[in-house]
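Worksheet: one structure, shown below.
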Amino acid sequence: MKASFCNASTASHRRVDPLGLGLMLFAGLNLNGVILLFLGAEAFLSPIILLLTIIMCIKYARIAYVTPSYLLFALTVASYLLFGGLAGILGSNFNSSYITSYGATILLVSAIHFWLASVDEAELTRILTILKNILLVSCVMVILSDVIRPYQVTPMMPGIDADQLRQGMESADRASGFFENPNEAAMIALYCIVLIAALPSSSLPLRLVQGAVAVVALIMTFSKAGMLTLLVLTALFLLTRRSFMTLVLSAVGLVLVFSGLWFVFENDLLNLSWEQRERLSDVLNLAGGEINERSTTGRNVLFEMGFEKITSNFPWGAGLGEFHAMEGGVRKVAGGIEVNEWLGIHNTFLMIAGEGGMVPLVMLLVFLLSLLTYGVSAPHRGIVYGFTIILMSDMMVSHHVLLLRFADMFLGVVLALLAFSPRHANVKYSMLPRMS
């Protein structure tokens with residue numbers, strides 16, 4: 001007994017694999033984005049990260065870690081690439097770049113999953129705590145967006161000169177920190193909030209400070225999807241509390257907070273810009289069920305166009321990339337000026353259905369359902385459900401979620417947590433050959 005305790009203690013205090021730590025820093029701080037923002041070099045670290053993910057997969061991959069949910073994930077991406085690629089070849093619009101990009105997605109998710117599935121639960125908790133601290137740094141940088149913005153390199157965009165774009169950046173009403181856009185920064189803040197709630201610090205003042213940093217970062221992005229998702233997460237968190245008194249006090253606290261925010265909003269005590277006020281108003285409208293072009297920031301128009309294109313190819317897809325940029329639709333606006341770049345459909349479910357057809361869409365739905373099903377008995381169940389809800393919320397408003405490396409990292413974390421689930425363990429070990 002004593003020897004086994006010592007072995008467990010030694011395992012839980014092992015040094016975190018520097019390769020895995022490097023992947024978490026790369027994704028959690030968006031280091032590629034940092035280099036792009038301040039040096040202008042695009043995808044500078046991608047070759048190094050690709051090598052790291054391959055090494056991590058070779059180092060940690062085991063048949064025991066190939067769980068049903070992991071298989072569903074791999075099959076979902078593979079079926080999307082297969083059917084989307086075939087549709088592109090038949091339609092003479094084949095785009096091989098997406099095969100490379102989504103292939104890197106599989107590698108990164110696999111590297112994180114296999115690595116975390118190989119550690120014990122004590123070390124897993126320690127790694128997740130490190131990840132929480134990494135995300136807190138990202139949230140701090142979101143709050144300091146106005147401070148770091150003057151040091152950013154002005155990107156080159158067709159149809160708009162540098163001075164106009166710089167003016168647009170300087171007058172931006174939404175914070176994004178190290179990330180390409182405020183919506184991505186909002187998702188990082190949400191993932192951070194989940195980890196703060198699931199892995200609370202021992203000190204109450206520190207917990208309050210961490211929570212305040214993440215919430216303030218989220219609000220400063222003025223992301224409608226982010227703030228609505230926070231409402232959903234908060235409601236689910238309260239409903240899962242067993243203490244009736246905690247539920248009542250939390251509900252009263254929420255009412256007071258929203259009443260205070262509404263008072264500040266109505267009396268314009270924070271000198272919010274017109275766009276910021278419109279976005280906060282739209283959050284309330286969306287929460288009340290009002291869906292129109294303004295409240296969805298034009299996404300409903302993109303959805304309608306996407307539906308028409310999907311039905312014309314049903315049940316097959318139109319080919320890879322066709323819904324990442326829908327030609328003849330709506331052009332992107334940068335610095336207040338319309339540029340020569342078509343917007344995508346801004347919905348992952350519609351993107352996969354439009355480019356790959358119904359088979360990969362069904363695979364995606366089954367995969368997400370498996371995360372929720374197996375998550376019931378997984379350790380850190382709150383993290384599994386929190387991360388999955390954020391992922392699905394992001395998929396509802398963005399078509400390139402699976403190409404975001406921080407989203408891939410969190411997906412790998414969820415799959416690793418499910419590998420510890422007794423239900424998953426029974427399935428995966430029954431798949432192994434029995435020794436006579």
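Labels used: A, B, ... for chains in the order of the structure tokens, numbers from 1 for residues in each chain, and numbers from 1 for ligands as shown.
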* Exercise: range 354-365 of chain A partners within 9 Å, only C-alpha atoms, chain neighbours under 2 positions left out, as a VMD selection string -> chain A and resid 72 to 73 75 to 88 306 to 307 309 to 311 313 to 324 349 to 352 367 to 370
* Which of range 341-377 of chain A fall in helix (DSSP H, G or I), as JSON, numbers by chain -> {"A": [348, 349, 350, 351, 352, 353, 354, 355, 356, 358, 359, 360, 361, 362, 363, 364, 365, 366, 367, 368, 369, 370, 371, 372, 373, 374, 375, 376, 377]}
Those same residues - C-alpha atoms - I'd like them written as a short mmCIF file (atom, residue, chain, number, x, y, z; two decimals), in the first residue's frame.
data_model
loop_
_atom_site.label_atom_id
_atom_site.label_comp_id
_atom_site.auth_asym_id
_atom_site.auth_seq_id
_atom_site.Cartn_x
_atom_site.Cartn_y
_atom_site.Cartn_z
CA THR A 348 -20.22 25.18 -38.82
CA PHE A 349 -23.23 22.88 -39.15
CA LEU A 350 -24.39 24.55 -42.35
CA MET A 351 -20.82 24.73 -43.64
CA ILE A 352 -20.29 20.99 -43.26
CA ALA A 353 -23.70 20.20 -44.75
CA GLY A 354 -23.08 22.60 -47.64
CA GLU A 355 -19.55 21.45 -48.47
CA GLY A 356 -19.65 17.75 -47.54
CA MET A 358 -25.54 15.07 -45.04
CA VAL A 359 -23.20 12.19 -44.11
CA PRO A 360 -20.54 14.35 -42.36
CA LEU A 361 -23.29 16.52 -40.83
CA VAL A 362 -24.90 13.47 -39.21
CA MET A 363 -21.45 12.33 -38.08
CA LEU A 364 -20.86 15.72 -36.44
CA LEU A 365 -24.20 15.62 -34.62
CA VAL A 366 -23.56 12.09 -33.36
CA PHE A 367 -20.08 13.11 -32.23
CA LEU A 368 -21.37 16.09 -30.22
CA LEU A 369 -24.11 13.90 -28.73
CA SER A 370 -21.45 11.40 -27.64
CA LEU A 371 -19.59 14.16 -25.77
CA LEU A 372 -22.72 14.95 -23.77
CA THR A 373 -23.60 11.28 -23.24
CA TYR A 374 -20.22 10.03 -22.06
CA GLY A 375 -19.62 13.25 -20.14
CA VAL A 376 -22.18 12.24 -17.50
CA SER A 377 -19.71 9.88 -15.82
#
* To do: From a DSSP calculation on the backbone, collect every residue of range 338-392 of chain A in strand (DSSP E) and output the set as a PyMOL selection string.
  => chain A and resi 338-342
* Surrounding residues of Ser421 in chain A excluding itself and chain neighbours under 4 positions, 12 Å, only C-alpha atoms, as a ChimeraX atom specification -> /A:65,67-69,117,121,371-381,384,414-417,425-429
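Distances from A:Leu50, A:Leu233, A:Leu284, A:Val255 to Tyr191 in chain A were compared using only C-alpha atoms, and the smallest one belongs to A:Leu233.
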* Using only C-alpha atoms, which of the listed residues (A:Leu144, A:Met409, A:Leu135, A:Lys224) sits closest to Gln210 in chain A? -> A:Leu135
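Minimum atom-to-atom distances from A:Tyr98, A:Ile35, A:Arg405, A:Val16 to Val119 in chain A were compared using only C-alpha atoms, and the lowest value belongs to A:Val16.
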* **CA of Met305 in chain A to CA of His346 in chain A, distance in Å rounded to a single decimal** => 11.3 Å
* To do: May I ask which of the residues A:Leu25, A:Met56, A:Leu19, A:Leu31 is the closest one to Ala43 in chain A, counting only C-alpha atoms?
  => A:Leu31
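Interatomic distance, CA of Thr221 in chain A against CA of Ala175 in chain A: 4.7 Å.
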* To do: Find the spatial neighbours of Ala217 in chain A, counting only C-alpha atoms, within a cut-off of 7 Å - ignore same-chain residues fewer than 4 positions away - and output them as a ChimeraX atom specification.
  => /A:139,142-143,189,213,221
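Straight-line separation from CA of Met396 in chain A to CA of Trp274 in chain A: 25.7 Å.
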* **Selection: 9 Å around Ala325 in chain A, only C-alpha atoms, excl. self and same-chain fewer than 2 positions, as JSON, numbers by chain** => {"A": [321, 322, 323, 327, 329, 341, 342, 343, 344, 345]}
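Each of A:Ala407, A:Ile112, A:Leu190, A:Ile219 was compared to Asp173 in chain A using only C-alpha atoms, and A:Ile219 turns out to be the nearest.
Of the residues listed (A:Phe178, A:Phe114, A:Phe420, A:Phe263), A:Phe114 shows the shortest atom-to-atom separation from Val66 in chain A; distances use only C-alpha atoms.
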